[in-house]
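Peer 1: Have a look at the structure that comes next, please.
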Amino acid sequence: MSTLTVLGGTGKVGRRLADRLTAQGHTPRPVGRTSTPRFDWRDESTWAPAFRGADGVFIVGPGSASDWSPLLERLLTTAAEQNVRRAVLLSARGVEFHPDGAVARAEAALRRGPLRWTILRPSHFAQNFTEAMFVPDNDGAFYAPVADGRQPFIDADDIADVAAVALTGDDYDGRILELSGPRAIDFDEAARILTEVSGRSVRYVSEADDLHIARLREQGLPEGYIEWRMAMLRGIASGADAYVSTDIEAVLGRPATPFEEWARREVRRAA
């Protein structure tokens, strides 16, 4: 059994991964700015204590607003000095839509680094409709500049299951795993499913790129993040990101979770 450091241990994937590692008999070490030991990407004195005694590390970056690959290079060196052997990086499918962006640079830094590595490239999370960018507003509307583009939304539980396999064995060392749900749906269909499951009217509003960018700027989001997000959304709008990946079934021996099944499990029904 292994001790495994989980960066972003309270995030959508990190907390699910920690639960799986515990259930398998491993010792997860979820770390962040308020944990013990503490971990802060911007405070390098916190890195070695977070890695001490760990066999592997699950890496969630500090964001895609700016190039964090130099930080990652130093982090991997610190991890190797603490005898960490393996790193699994949560990247994103569609990194090719922004090939000089922060996420692509982080992938390159990982591949150059001293640890055995696996890269996870998931499609957009189903949980984005409950925890992130596509959460409906008080009127039940969510906004995206993707027209009738389709996306095979992935359940974060599936990502955590794959991450647990990659982090605790060597079968996927040196591999990039493309992860997605089993079927691509458009955003109108997502809204219909959410309406049916929640009992609340949910609707998708397609908007022009410039209006969406203005909306993101009003939220105070960094320009680098906006550039990355728009690249990913344009991949959906163009149809280039509608393909279904098969690595979940290859790794887990079961199909990926359908959006409908995820919604029935996690979306609350209106009172």
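To be explicit about the labels: the chains of the structure tokens are called A, B, and onward in the order shown, and within each one the residues are counted from 1, while ligands get numbers from 1 in the order they are shown.
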Per DSSP on the backbone, what are the strand (DSSP E) residues of range 5-140 of chain A, as a list in words?

Peer 2: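 Of range 5-140 of chain A, the ones in strand (DSSP E) are Thr5, Val6, Leu7, Thr27, Pro28, Arg29, Pro30, Val31, Gly56, Val57, Phe58, Ile59, Arg86, Ala87, Val88, Leu89, Leu90, Arg116, Trp117, Thr118, Ile119, Leu120, Arg121 and Pro122 of chain A.
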
Peer 1: Might you pull out every residue within 6 Å of range 75-86 of chain A, with only C-alpha atoms counted and same-chain residues fewer than 5 positions away left off, and present them as an NGL selection string?

Peer 2: :A and (51-52 or 54-56 or 115-117)

Peer 1: Running DSSP on the backbone, which parts of range 57-262 of chain A land in helix (DSSP H, G or I), as a PyMOL selection string?

Peer 2: chain A and resi 69-81+95-97+102-112+128-131+156-168+187-198+209-218+223-238+247-252+259-262

Peer 1: For Glu96 in chain A, find every residue with an atom within 10 Å (counting only C-alpha atoms), except residues of its own chain fewer than 6 positions away, and show them as a PDB file with C-alpha atoms, in the first residue's frame.

Peer 2:
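Okay, this is what ended up in selection.pdb:
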```pdb
ATOM      1  CA  VAL A 103      -1.626  23.500 -20.089  1.00  0.00           C
ATOM      2  CA  ALA A 104       0.398  22.364 -23.106  1.00  0.00           C
ATOM      3  CA  ALA A 231      -9.966  28.084 -27.206  1.00  0.00           C
ATOM      4  CA  MET A 232     -11.657  25.080 -25.575  1.00  0.00           C
ATOM      5  CA  GLY A 235     -13.199  23.497 -30.203  1.00  0.00           C
TER       6      GLY A 235
END
```

Peer 1: Skipping near chain neighbours, those fewer than 6 positions away, what residues fall within 12 Å of Ile185 in chain A using only C-alpha atoms, listed as a ChimeraX atom specification?

Peer 2: /A:124,126,148-154,191-193,236,239,241-244,258-260

Peer 1: For the residues selected in the previous step, produce a file with C-alpha atoms as a JSON list (two decimals), in the first residue's frame.

Peer 2:
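The resulting file, again.json, is reproduced below:
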```
[["chain", "number", "residue", "atom", "x", "y", "z"],
["A", 124, "HIS", "CA", -15.49, 18.93, -20.11],
["A", 126, "ALA", "CA", -20.50, 16.89, -16.29],
["A", 148, "ASP", "CA", -25.12, 23.52, -31.53],
["A", 149, "GLY", "CA", -21.70, 22.02, -30.81],
["A", 150, "ARG", "CA", -21.58, 18.69, -29.02],
["A", 151, "GLN", "CA", -19.44, 17.44, -26.15],
["A", 152, "PRO", "CA", -19.04, 13.99, -24.53],
["A", 153, "PHE", "CA", -19.21, 15.33, -20.95],
["A", 154, "ILE", "CA", -17.30, 13.20, -18.45],
["A", 191, "ALA", "CA", -30.52, 21.39, -20.56],
["A", 192, "ARG", "CA", -33.39, 18.98, -21.27],
["A", 193, "ILE", "CA", -31.82, 16.26, -19.13],
["A", 236, "ILE", "CA", -16.72, 22.47, -29.18],
["A", 239, "GLY", "CA", -17.25, 20.15, -33.86],
["A", 241, "ASP", "CA", -14.06, 18.22, -29.79],
["A", 242, "ALA", "CA", -17.17, 16.05, -30.27],
["A", 243, "TYR", "CA", -15.29, 12.77, -30.64],
["A", 244, "VAL", "CA", -15.64, 10.05, -28.00],
["A", 258, "PRO", "CA", -23.55, 8.54, -19.36],
["A", 259, "PHE", "CA", -24.57, 12.16, -18.69],
["A", 260, "GLU", "CA", -28.09, 11.00, -17.81]]
```

Peer 1: I need the residue nearest Gly101 in chain A from this list: A:Gln24, A:Thr5, A:Ser66, A:Ser123. Use only C-alpha atoms for the distance.

Peer 2: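 Checking each candidate against Gly101 in chain A, we get A:Ser66 as the closest.
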
Peer 1: Which is closer to Gly63 in chain A than all the others in A:Glu178, A:Phe125, A:Trp41, A:Pro30, using only C-alpha atoms?

Peer 2: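 Closest to Gly63 in chain A of all the choices is A:Trp41.
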
Peer 1: Which residues of range 58-142 of chain A have any atom within 9 Å of an atom in range 159-170 of chain A when counting only C-alpha atoms, and what is the closest pair of atoms for each, with the distance in Å to one decimal? Order the rows by chain and rising number and write it as JSON lines.

Peer 2:
```
{"residue": "A:Phe58", "atom": "CA", "partner": "A:Leu167", "partner_atom": "CA", "distance": 7.3}
{"residue": "A:Arg86", "atom": "CA", "partner": "A:Leu167", "partner_atom": "CA", "distance": 7.0}
{"residue": "A:Ala87", "atom": "CA", "partner": "A:Leu167", "partner_atom": "CA", "distance": 7.1}
{"residue": "A:Val88", "atom": "CA", "partner": "A:Leu167", "partner_atom": "CA", "distance": 6.2}
{"residue": "A:Leu89", "atom": "CA", "partner": "A:Ala163", "partner_atom": "CA", "distance": 8.9}
{"residue": "A:Leu90", "atom": "CA", "partner": "A:Ala163", "partner_atom": "CA", "distance": 8.6}
{"residue": "A:Arg116", "atom": "CA", "partner": "A:Asp170", "partner_atom": "CA", "distance": 8.6}
{"residue": "A:Trp117", "atom": "CA", "partner": "A:Ala166", "partner_atom": "CA", "distance": 8.8}
{"residue": "A:Thr118", "atom": "CA", "partner": "A:Ala166", "partner_atom": "CA", "distance": 6.8}
{"residue": "A:Leu120", "atom": "CA", "partner": "A:Ala163", "partner_atom": "CA", "distance": 7.7}
{"residue": "A:Pro122", "atom": "CA", "partner": "A:Ile159", "partner_atom": "CA", "distance": 7.3}
```

Peer 1: Closest to Thr246 in chain A among A:Val57, A:Leu179, A:Ala18, A:Ala50, using only C-alpha atoms?

Peer 2: A:Leu179

Peer 1: Mind checking which residues fall within 12 Å of Ala208 in chain A, counting only C-alpha atoms, ignoring those fewer than 6 positions away in the same chain, and posting them as a PyMOL selection string?

Peer 2: chain A and resi 143-147+214-215+230+233-234+237

Peer 1: Put those residues in a file: N, CA and C atoms, as a PDB file, in the first residue's frame.

Peer 2:
```
ATOM      1  N   TYR A 143     -24.962  29.924 -20.139  1.00  0.00           N
ATOM      2  CA  TYR A 143     -24.525  30.595 -21.355  1.00  0.00           C
ATOM      3  C   TYR A 143     -23.210  29.999 -21.857  1.00  0.00           C
ATOM      4  N   ALA A 144     -23.132  29.804 -23.170  1.00  0.00           N
ATOM      5  CA  ALA A 144     -21.892  29.324 -23.778  1.00  0.00           C
ATOM      6  C   ALA A 144     -21.899  29.683 -25.262  1.00  0.00           C
ATOM      7  N   PRO A 145     -20.740  30.027 -25.820  1.00  0.00           N
ATOM      8  CA  PRO A 145     -20.654  30.418 -27.235  1.00  0.00           C
ATOM      9  C   PRO A 145     -20.338  29.218 -28.127  1.00  0.00           C
ATOM     10  N   VAL A 146     -21.171  28.160 -28.048  1.00  0.00           N
ATOM     11  CA  VAL A 146     -20.847  26.935 -28.783  1.00  0.00           C
ATOM     12  C   VAL A 146     -21.922  26.558 -29.800  1.00  0.00           C
ATOM     13  N   ALA A 147     -22.936  27.409 -29.983  1.00  0.00           N
ATOM     14  CA  ALA A 147     -24.016  27.134 -30.944  1.00  0.00           C
ATOM     15  C   ALA A 147     -24.582  25.731 -30.687  1.00  0.00           C
ATOM     16  N   ALA A 214     -16.977  39.251 -22.737  1.00  0.00           N
ATOM     17  CA  ALA A 214     -17.357  40.372 -21.874  1.00  0.00           C
ATOM     18  C   ALA A 214     -17.924  39.863 -20.545  1.00  0.00           C
ATOM     19  N   ARG A 215     -18.715  38.791 -20.603  1.00  0.00           N
ATOM     20  CA  ARG A 215     -19.272  38.212 -19.383  1.00  0.00           C
ATOM     21  C   ARG A 215     -18.151  37.714 -18.460  1.00  0.00           C
ATOM     22  N   MET A 230     -11.757  30.186 -24.043  1.00  0.00           N
ATOM     23  CA  MET A 230     -12.362  30.408 -25.364  1.00  0.00           C
ATOM     24  C   MET A 230     -11.804  29.424 -26.388  1.00  0.00           C
ATOM     25  N   LEU A 233     -13.775  26.268 -25.855  1.00  0.00           N
ATOM     26  CA  LEU A 233     -15.166  26.406 -26.302  1.00  0.00           C
ATOM     27  C   LEU A 233     -15.261  26.471 -27.826  1.00  0.00           C
ATOM     28  N   ARG A 234     -14.285  27.095 -28.462  1.00  0.00           N
ATOM     29  CA  ARG A 234     -14.293  27.120 -29.930  1.00  0.00           C
ATOM     30  C   ARG A 234     -14.090  25.712 -30.496  1.00  0.00           C
ATOM     31  N   ALA A 237     -17.560  24.349 -30.451  1.00  0.00           N
ATOM     32  CA  ALA A 237     -18.404  24.996 -31.466  1.00  0.00           C
ATOM     33  C   ALA A 237     -18.086  24.505 -32.867  1.00  0.00           C
TER      34      ALA A 237
END
```

Peer 1: Do you know which residues are at most 9 Å from Val60 in chain A counting only C-alpha atoms, after dropping those on the same chain fewer than 6 positions away, and could you put them as a ChimeraX atom specification?

Peer 2: /A:6-9,11,14,88-91

Peer 1: Restricting the calculation to only C-alpha atoms: of A:Leu221, A:Leu17, A:Leu211, A:Ala23, which residue gets closest to Met1 in chain A?

Peer 2: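 Result for the nearest residue to Met1 in chain A: A:Ala23.
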
Peer 1: Report the distance between CA of Arg112 in chain A and CA of Gly32 in chain A in Å, rounded to one decimal place.

Peer 2: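 Computed distance, CA of Arg112 in chain A to CA of Gly32 in chain A, equals 25.0 Å.
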
Peer 1: Could you pull the residues within 8 Å of Thr27 in chain A, counting only C-alpha atoms, minus those fewer than 4 positions along the same chain, as a PyMOL selection string?

Peer 2: chain A and resi 1-4+21-22

Peer 1: Figure out the distance between CA of Val135 in chain A and CA of Arg229 in chain A, please, to one decimal in Å.

Peer 2: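 Taking CA of Arg229 in chain A as the start and CA of Val135 in chain A as the end point, the length is 15.7 Å.
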
Peer 1: Would you work out the distance separating CA of Val205 in chain A from CA of Thr130 in chain A, expressed in Å to one decimal?

Peer 2: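 So the two atoms, CA of Val205 in chain A and CA of Thr130 in chain A, lie 16.7 Å apart.
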
Peer 1: When you count only C-alpha atoms, which of these residues is closest to Arg269 in chain A: A:Arg121, A:Arg42, A:Arg200, A:Arg29?

Peer 2: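 Checking each of A:Arg121, A:Arg42, A:Arg200, A:Arg29 against Arg269 in chain A, counting only C-alpha atoms, the winner is A:Arg200.
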